[in-house]
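Asker: Structure file coords16.pdb, PDB, C-alpha atoms, is pasted below:
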MODEL        1
ATOM      1  CA  MET K   1     -16.116  20.341  29.844
ATOM      2  CA  THR K   2     -12.798  19.763  31.607
ATOM      3  CA  GLU K   3      -9.798  20.961  29.618
ATOM      4  CA  PHE K   4      -6.512  19.118  30.002
ATOM      5  CA  PRO K   5      -3.241  21.055  29.688
ATOM      6  CA  THR K   6      -1.349  20.456  26.473
ATOM      7  CA  GLU K   7       2.373  19.778  26.372
ATOM      8  CA  THR K   8       4.985  19.918  23.649
ATOM      9  CA  TYR K   9       6.634  16.660  22.596
ATOM     10  CA  ALA K  10       9.072  15.697  19.885
ATOM     11  CA  TYR K  11       8.988  12.609  17.721
ATOM     12  CA  ARG K  12      11.297  10.778  15.339
ATOM     13  CA  ILE K  13      10.431   8.041  12.828
ATOM     14  CA  LEU K  14      12.764   5.045  12.545
ATOM     15  CA  ARG K  15      13.323   3.672   9.054
ATOM     16  CA  TYR K  16      14.724   0.473   7.591
ATOM     17  CA  GLN K  17      16.767   1.011   4.416
ATOM     18  CA  PRO K  18      18.803  -2.097   3.502
ATOM     19  CA  ASN K  19      19.645  -0.834   0.005
ATOM     20  CA  LEU K  20      21.270   2.587   0.215
ATOM     21  CA  ILE K  21      21.871   2.772  -3.538
ATOM     22  CA  ARG K  22      18.186   2.412  -4.419
ATOM     23  CA  ASP K  23      17.165   4.784  -1.607
ATOM     24  CA  GLU K  24      14.137   2.605  -0.729
ATOM     25  CA  TRP K  25      13.060   2.545   2.882
ATOM     26  CA  VAL K  26      10.114   1.605   5.089
ATOM     27  CA  ASN K  27       9.042   3.104   8.420
ATOM     28  CA  ILE K  28       9.387   0.614  11.277
ATOM     29  CA  GLY K  29       8.990   2.605  14.497
ATOM     30  CA  VAL K  30       8.176   5.802  16.372
ATOM     31  CA  LEU K  31      10.021   7.472  19.249
ATOM     32  CA  LEU K  32       7.935  10.071  21.112
ATOM     33  CA  TYR K  33       9.557  12.049  23.928
ATOM     34  CA  SER K  34       9.481  15.322  25.833
ATOM     35  CA  PRO K  35      12.260  17.850  25.106
ATOM     36  CA  GLN K  36      13.232  17.617  28.800
ATOM     37  CA  GLY K  37      13.568  13.842  28.511
ATOM     38  CA  ASN K  38      11.265  13.098  31.458
ATOM     39  CA  ARG K  39       8.850  11.070  29.360
ATOM     40  CA  TRP K  40       9.438   8.898  26.338
ATOM     41  CA  ARG K  41       8.112   5.859  24.562
ATOM     42  CA  LEU K  42       9.456   3.764  21.719
ATOM     43  CA  ARG K  43       7.207   1.556  19.610
ATOM     44  CA  MET K  44       8.557  -0.705  16.897
ATOM     45  CA  ILE K  45       6.817  -3.098  14.536
ATOM     46  CA  SER K  46       5.901  -6.400  16.205
ATOM     47  CA  GLU K  47       2.976  -7.976  14.344
ATOM     48  CA  ALA K  48       3.304 -10.661  11.664
ATOM     49  CA  GLU K  49       1.440  -8.428   9.200
ATOM     50  CA  GLU K  50       3.970  -5.631   9.781
ATOM     51  CA  PHE K  51       6.937  -7.913   9.101
ATOM     52  CA  ARG K  52       5.215  -9.240   5.968
ATOM     53  CA  ARG K  53       4.948  -5.660   4.728
ATOM     54  CA  VAL K  54       8.696  -5.159   5.225
ATOM     55  CA  ARG K  55       9.470  -8.409   3.377
ATOM     56  CA  ARG K  56       7.231  -7.391   0.469
ATOM     57  CA  LEU K  57       9.354  -4.279   0.040
ATOM     58  CA  HIS K  58      12.656  -5.922   0.994
ATOM     59  CA  PRO K  59      12.519  -9.734   0.516
ATOM     60  CA  LEU K  60      15.970 -10.189   2.089
ATOM     61  CA  ALA K  61      15.200  -8.070   5.158
ATOM     62  CA  ASP K  62      17.048  -9.070   8.339
ATOM     63  CA  GLU K  63      13.986  -9.978  10.447
ATOM     64  CA  ALA K  64      16.105 -11.060  13.436
ATOM     65  CA  LEU K  65      17.636  -7.576  13.519
ATOM     66  CA  LEU K  66      14.228  -5.925  13.317
ATOM     67  CA  ARG K  67      12.700  -8.116  16.046
ATOM     68  CA  GLY K  68      15.494  -7.328  18.478
ATOM     69  CA  LEU K  69      15.669  -3.630  17.712
ATOM     70  CA  GLN K  70      13.232  -2.349  20.333
ATOM     71  CA  ASP K  71      14.945  -4.148  23.213
ATOM     72  CA  SER K  72      18.358  -3.091  21.927
ATOM     73  CA  LEU K  73      17.427   0.596  21.695
ATOM     74  CA  GLU K  74      15.604   0.626  25.026
ATOM     75  CA  ALA K  75      18.651  -0.879  26.724
ATOM     76  CA  GLN K  76      20.739   2.030  25.408
ATOM     77  CA  MET K  77      18.368   4.751  26.584
ATOM     78  CA  PRO K  78      20.044   6.894  29.273
ATOM     79  CA  ARG K  79      18.711   6.679  32.823
ATOM     80  CA  GLU K  80      18.950  10.410  33.504
ATOM     81  CA  PRO K  81      16.125  12.378  31.812
ATOM     82  CA  GLU K  82      18.342  15.299  30.853
ATOM     83  CA  ASP K  83      20.565  12.962  28.817
ATOM     84  CA  LEU K  84      17.777  11.677  26.569
ATOM     85  CA  PRO K  85      17.583  14.593  24.051
ATOM     86  CA  LEU K  86      21.336  14.397  23.451
ATOM     87  CA  PHE K  87      21.146  10.614  23.044
ATOM     88  CA  VAL K  88      18.381  10.981  20.453
ATOM     89  CA  GLU K  89      20.478  13.481  18.515
ATOM     90  CA  LYS K  90      23.362  10.993  18.467
ATOM     91  CA  MET K  91      21.192   8.120  17.234
ATOM     92  CA  ASP K  92      21.971   9.138  13.651
ATOM     93  CA  GLN K  93      25.598   8.277  14.327
ATOM     94  CA  THR K  94      25.023   5.122  16.381
ATOM     95  CA  LEU K  95      22.461   3.389  14.141
ATOM     96  CA  SER K  96      23.763   1.121  11.402
ATOM     97  CA  ASN K  97      23.661   2.027   7.723
ATOM     98  CA  VAL K  98      20.381   0.162   7.186
ATOM     99  CA  LEU K  99      18.637   1.895  10.116
ATOM    100  CA  GLN K 100      17.915   5.597   9.915
ATOM    101  CA  ILE K 101      16.035   8.135  12.010
ATOM    102  CA  SER K 102      14.006  11.022  10.606
ATOM    103  CA  PRO K 103      14.549  14.663  11.513
ATOM    104  CA  GLN K 104      12.861  15.780  14.723
ATOM    105  CA  ARG K 105       9.348  17.154  14.546
ATOM    106  CA  GLY K 106       7.187  18.662  17.259
ATOM    107  CA  VAL K 107       3.636  17.949  18.363
ATOM    108  CA  LEU K 108       1.327  19.573  20.922
ATOM    109  CA  THR K 109      -0.991  17.242  22.806
ATOM    110  CA  ALA K 110      -2.721  16.609  26.131
ATOM    111  CA  ASP K 111      -2.823  12.857  25.490
ATOM    112  CA  PHE K 112       0.637  11.282  25.266
ATOM    113  CA  GLU K 113      -0.528   7.692  24.665
ATOM    114  CA  GLY K 114      -3.193   8.775  22.220
ATOM    115  CA  GLU K 115      -0.656  10.813  20.280
ATOM    116  CA  MET K 116       1.723   7.860  20.141
ATOM    117  CA  GLU K 117      -1.066   5.704  18.731
ATOM    118  CA  ARG K 118      -1.930   8.351  16.116
ATOM    119  CA  LEU K 119       1.697   8.732  15.028
ATOM    120  CA  TYR K 120       2.160   4.986  14.772
ATOM    121  CA  GLN K 121      -1.010   4.519  12.727
ATOM    122  CA  ASP K 122      -0.168   7.441  10.434
ATOM    123  CA  HIS K 123       3.501   6.657   9.839
ATOM    124  CA  VAL K 124       4.155   2.956  10.510
ATOM    125  CA  ALA K 125       1.095   0.673  10.644
ATOM    126  CA  PRO K 126       0.136  -1.014   7.354
ATOM    127  CA  GLN K 127      -2.600   0.995   5.686
ATOM    128  CA  ARG K 128      -5.894  -0.726   5.029
ATOM    129  CA  TRP K 129      -7.682   0.216   1.821
ATOM    130  CA  GLN K 130     -10.915  -0.964   3.315
ATOM    131  CA  ARG K 131     -11.749  -0.634   7.007
ATOM    132  CA  GLU K 132     -13.257  -3.585   8.812
ATOM    133  CA  ALA K 133     -17.025  -3.241   8.923
ATOM    134  CA  GLY K 134     -18.872  -2.872  12.204
ATOM    135  CA  PRO K 135     -17.483  -2.512  15.723
ATOM    136  CA  THR K 136     -15.579  -5.811  15.736
ATOM    137  CA  ILE K 137     -11.796  -5.437  15.427
ATOM    138  CA  SER K 138     -10.085  -8.750  14.803
ATOM    139  CA  THR K 139      -6.369  -7.919  14.834
ATOM    140  CA  PRO K 140      -4.053  -7.438  17.841
ATOM    141  CA  ALA K 141      -3.257  -3.901  16.702
ATOM    142  CA  GLY K 142      -6.964  -3.102  16.343
ATOM    143  CA  ILE K 143      -7.782  -4.419  19.811
ATOM    144  CA  ARG K 144      -4.872  -2.455  21.302
ATOM    145  CA  ARG K 145      -6.192   0.665  19.595
ATOM    146  CA  ARG K 146      -9.650  -0.011  21.024
ATOM    147  CA  LEU K 147      -8.156  -0.522  24.498
ATOM    148  CA  ARG K 148      -6.472   2.860  24.341
ATOM    149  CA  GLU K 149      -9.670   4.507  23.153
ATOM    150  CA  VAL K 150     -11.810   3.023  25.929
ATOM    151  CA  PHE K 151      -9.279   3.535  28.729
ATOM    152  CA  GLY K 152      -8.592   7.032  27.427
ATOM    153  CA  ALA K 153     -12.287   7.934  27.521
ATOM    154  CA  ALA K 154     -12.431   6.583  31.088
ATOM    155  CA  GLY K 155      -9.415   8.689  32.121
ATOM    156  CA  LEU K 156      -7.309   5.590  32.826
ATOM    157  CA  ARG K 157      -4.843   5.447  29.953
ATOM    158  CA  ASP K 158      -2.001   7.208  31.767
ATOM    159  CA  ARG K 159      -2.413   4.965  34.811
ATOM    160  CA  LEU K 160      -1.383   1.954  32.757
ATOM    161  CA  GLN K 161       2.011   0.920  31.458
ATOM    162  CA  TRP K 162       1.888  -0.046  27.777
ATOM    163  CA  GLY K 163       3.953  -2.564  25.825
ATOM    164  CA  VAL K 164       5.187  -4.302  28.979
ATOM    165  CA  ARG K 165       8.327  -6.415  28.826
ATOM    166  CA  ILE K 166       8.061  -9.636  30.817
ATOM    167  CA  ASP K 167      11.608 -11.037  30.560
ATOM    168  CA  ASP K 168      12.169 -10.228  34.243
ATOM    169  CA  PHE K 169       9.667 -13.010  34.954
ATOM    170  CA  THR K 170      10.563 -15.488  32.193
ATOM    171  CA  GLU K 171      13.935 -15.550  30.416
ATOM    172  CA  ARG K 172      16.293 -12.710  29.586
ATOM    173  CA  GLY K 173      15.659 -11.530  26.047
ATOM    174  CA  ASP K 174      12.099 -12.907  25.888
ATOM    175  CA  PRO K 175      10.499 -10.754  23.147
ATOM    176  CA  PHE K 176       6.913 -11.240  24.363
ATOM    177  CA  ARG K 177       5.190  -8.069  25.590
ATOM    178  CA  MET K 178       1.918  -7.732  27.432
ATOM    179  CA  THR K 179      -0.347  -5.096  25.939
ATOM    180  CA  CYS K 180      -0.556  -3.182  29.216
ATOM    181  CA  SER K 181      -0.198  -3.501  32.967
ATOM    182  CA  TYR K 182      -1.559  -1.828  36.102
ATOM    183  CA  ARG K 183      -1.291  -1.989  39.893
ATOM    184  CA  ARG K 184      -4.096  -2.102  42.414
ATOM    185  CA  ASN K 185      -4.196  -2.986  46.105
ATOM    186  CA  GLY K 186      -0.757  -4.567  46.004
ATOM    187  CA  THR K 187      -1.614  -6.701  42.959
ATOM    188  CA  ARG K 188       0.035  -6.445  39.543
ATOM    189  CA  GLY K 189      -2.440  -6.794  36.706
ATOM    190  CA  PHE K 190      -1.721  -7.605  33.058
ATOM    191  CA  ILE K 191      -3.994  -7.173  30.024
ATOM    192  CA  HIS K 192      -3.278  -8.674  26.614
ATOM    193  CA  ALA K 193      -4.957  -8.348  23.201
ATOM    194  CA  LEU K 194      -5.859 -11.801  21.843
ATOM    195  CA  PRO K 195      -8.052 -12.177  18.727
ATOM    196  CA  LEU K 196      -9.710 -15.596  18.774
ATOM    197  CA  GLY K 197      -9.449 -16.106  15.026
ATOM    198  CA  ARG K 198      -5.704 -15.513  14.707
ATOM    199  CA  ASP K 199      -2.697 -17.767  15.247
ATOM    200  CA  LEU K 200      -3.593 -20.377  17.877
ATOM    201  CA  ASN K 201      -0.015 -20.359  19.122
ATOM    202  CA  GLN K 202      -0.515 -16.839  20.488
ATOM    203  CA  ALA K 203      -3.001 -18.188  23.024
ATOM    204  CA  LYS K 204      -0.561 -20.938  23.967
ATOM    205  CA  VAL K 205       2.262 -18.442  24.391
ATOM    206  CA  LEU K 206       0.056 -16.241  26.565
ATOM    207  CA  ALA K 207      -0.933 -19.178  28.794
ATOM    208  CA  PHE K 208       2.691 -20.279  29.159
ATOM    209  CA  THR K 209       3.797 -16.707  29.902
ATOM    210  CA  VAL K 210       1.138 -16.248  32.586
ATOM    211  CA  GLU K 211       2.221 -19.475  34.254
ATOM    212  CA  ARG K 212       5.832 -18.275  34.369
ATOM    213  CA  ILE K 213       4.894 -14.840  35.688
ATOM    214  CA  ARG K 214       2.862 -16.369  38.510
ATOM    215  CA  GLU K 215       5.894 -18.389  39.577
ATOM    216  CA  GLU K 216       7.753 -15.115  40.179
ATOM    217  CA  LEU K 217       4.881 -12.806  41.103
ATOM    218  CA  GLU K 218       2.462 -14.242  43.625
ATOM    219  CA  ARG K 219      -0.057 -11.400  43.635
ATOM    220  CA  SER K 220      -0.980 -11.048  39.985
ATOM    221  CA  GLU K 221      -4.071 -11.128  37.782
ATOM    222  CA  PHE K 222      -4.588 -11.422  34.058
ATOM    223  CA  ALA K 223      -7.132 -10.587  31.386
ATOM    224  CA  ALA K 224      -7.255 -11.369  27.665
ATOM    225  CA  VAL K 225      -9.213  -8.900  25.528
ATOM    226  CA  THR K 226     -10.733 -10.789  22.618
ATOM    227  CA  ASP K 227     -12.411  -9.610  19.444
ATOM    228  CA  VAL K 228     -15.615 -11.557  20.181
ATOM    229  CA  GLU K 229     -17.141 -13.658  22.924
ATOM    230  CA  PRO K 230     -15.986 -17.296  22.634
ATOM    231  CA  ARG K 231     -18.705 -19.345  20.981
ATOM    232  CA  ARG K 232     -19.368 -22.847  22.269
ATOM    233  CA  GLU K 233     -20.109 -24.201  18.811
ATOM    234  CA  ASN K 234     -16.685 -23.027  17.613
ATOM    235  CA  ARG K 235     -14.084 -25.657  18.522
ATOM    236  CA  ARG K 236     -11.237 -23.179  18.148
ATOM    237  CA  HIS K 237     -12.921 -20.708  20.495
ATOM    238  CA  GLU K 238     -13.636 -23.435  23.031
ATOM    239  CA  PHE K 239     -10.029 -24.631  22.982
ATOM    240  CA  ILE K 240      -8.699 -21.109  23.613
ATOM    241  CA  ALA K 241     -11.313 -20.391  26.296
ATOM    242  CA  ARG K 242     -10.455 -23.624  28.122
ATOM    243  CA  LEU K 243      -6.740 -22.838  27.879
ATOM    244  CA  LEU K 244      -7.284 -19.386  29.384
ATOM    245  CA  ARG K 245      -9.585 -20.645  32.128
ATOM    246  CA  GLU K 246      -6.994 -23.197  33.185
ATOM    247  CA  GLN K 247      -4.554 -20.348  33.779
ATOM    248  CA  GLU K 248      -7.243 -18.168  35.415
ATOM    249  CA  ILE K 249      -7.004 -15.591  32.652
ATOM    250  CA  ARG K 250     -10.177 -13.551  32.492
ATOM    251  CA  ILE K 251     -11.750 -13.197  29.040
ATOM    252  CA  VAL K 252     -13.063  -9.719  28.187
ATOM    253  CA  ALA K 253     -14.651  -9.358  24.753
ATOM    254  CA  GLN K 254     -14.080  -5.911  23.285
ATOM    255  CA  ASP K 255     -17.785  -5.034  23.372
ATOM    256  CA  ARG K 256     -17.525  -5.263  27.182
ATOM    257  CA  LEU K 257     -14.464  -3.032  27.472
ATOM    258  CA  GLU K 258     -16.394  -0.004  28.771
ATOM    259  CA  GLU K 259     -17.821  -2.124  31.599
ATOM    260  CA  TYR K 260     -14.350  -3.519  32.332
ATOM    261  CA  ALA K 261     -12.857  -0.005  32.440
ATOM    262  CA  ARG K 262     -15.531   1.147  34.890
ATOM    263  CA  GLU K 263     -14.720  -1.817  37.112
ATOM    264  CA  LEU K 264     -10.983  -1.133  37.119
ATOM    265  CA  GLY K 265     -11.232   2.645  37.332
ATOM    266  CA  PRO K 266     -11.678   3.185  41.084
ATOM    267  CA  THR K 267      -8.933   0.721  42.054
ATOM    268  CA  ILE K 268      -5.924   1.044  39.715
ATOM    269  CA  HIS K 269      -3.024   3.447  40.097
TER     270      HIS K 269
ENDMDL
END
Take the structure in this file and express it as structure tokens.
Answerer:
Amino acid sequence: MTEFPTETYAYRILRYQPNLIRDEWVNIGVLLYSPQGNRWRLRMISEAEEFRRVRRLHPLADEALLRGLQDSLEAQMPREPEDLPLFVEKMDQTLSNVLQISPQRGVLTADFEGEMERLYQDHVAPQRWQREAGPTISTPAGIRRRLREVFGAAGLRDRLQWGVRIDDFTERGDPFRMTCSYRRNGTRGFIHALPLGRDLNQAKVLAFTVERIREELERSEFAAVTDVEPRRENRRHEFIARLLREQEIRIVAQDRLEEYARELGPTIH
């Protein structure tokens, strides 16, 4: 069995604490980075279920602040790798009173993206008392987790960029993020998690976003990873499938992810 070298990383948990007197807070993000600053990733809450959890704990939570936090923090990240550790140490002073960052902790791993997923699930993601039965995962977060598992097993996870901002192609400040992106043979590819049973507007937003990206990026391709294969007898499924086909967005049901990974493997970089 091939052994991959492990590396030491540090992580910090970001917390939202709007009431300092009551000392009640909720975890809203993870920052994982190397001590040398040459690799880092920030992941903040983004799903409707995650914001509902914050509102249950803090009904008057400033959702606009929370939704813009990832872009705001990423814009402040220093460009030089050696400056990142010092910037992280100063975050305690630069964050507002309602936003706090945990003490630094270390982790040893050979799988950076997998470790980020584990930390996020352990510290931030809403906990489910009862796991969904069977292999079908019907939430965006679940499909993203499955994508990382499959691409990780195929040795492709580090060849992809995750949580991709698209405001360079649409409008400045656009909060939409593609699940991941890759490059192959001069073409930019985008993959997005899209459960068929969730908010119909997500499919519309994806179709609109793809149309805008194509206006700016001629050589591009797109895939939507769905929880199940669209069923013809399901009018909702048929509407989404037609919408995606019109924008030439390939539909990949999650039970075909291994086949999809094998197809992409030899060509992406």
Asker: Just give me the gap between atom CA of Leu99 of chain K and atom CA of Tyr120 of chain K in Å, one decimal is fine.
Answerer: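 Atom CA of Tyr120 of chain K lies 17.4 Å from atom CA of Leu99 of chain K.
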Asker: List the neighbours of Arg146 of chain K out to 12 Å using only C-alpha atoms; skip same-chain residues closer than 6 positions along the sequence, and give me the result as a PyMOL selection string.
Answerer: chain K and resi 114+117+135-140+152-153+157+179+193+225-227+253-258+261
Asker: As a PyMOL selection string, please: the residues near Gln202 of chain K (cut-off 12 Å, all atoms listed in the file, same-chain neighbours under 4 positions excluded).
Answerer: chain K and resi 47-48+140+176-178+192-198+206-209+224+240+243-244
Asker: Please provide as a ChimeraX atom specification all residues within 10 Å of segment 23-35 of chain K, with the sequence filter that same-chain residues fewer than 4 positions apart are discarded (counting all atoms listed in the file).
Answerer: /K:7-19,39-46,50-51,53-54,57-58,66,69-70,81-82,84-86,88,98-102,104-107,112-113,115-117,119-121,123-126
Asker: In the coordinates of the file, take the point (-5.4, -7.2, 33.5) and a cut-off of 7 Å; then, counting all atoms listed in the file, name each qualifying protein, DNA or RNA residue as a list in words.
Answerer: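 With a cut-off of 7 Å, the residues come to Ser181, Gly189, Phe190, Ile191, Glu221, Phe222 and Ala223 of chain K.
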Asker: Have a look at atom CA of Met91 of chain K and atom CA of Pro103 of chain K and let me know their distance in Å, one decimal.
Answerer: 10.9 Å
Asker: What separation in Å, quoted to one decimal, exists between atom CA of Arg79 of chain K and atom CA of Leu217 of chain K?
Answerer: 25.3 Å
Asker: Measuring between all atoms listed in the file, which one of K:Thr6, K:Leu147, K:Gly173, K:Asp111 shows the shortest distance to Gly68 of chain K?
Answerer: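 Closest candidate: K:Gly173.
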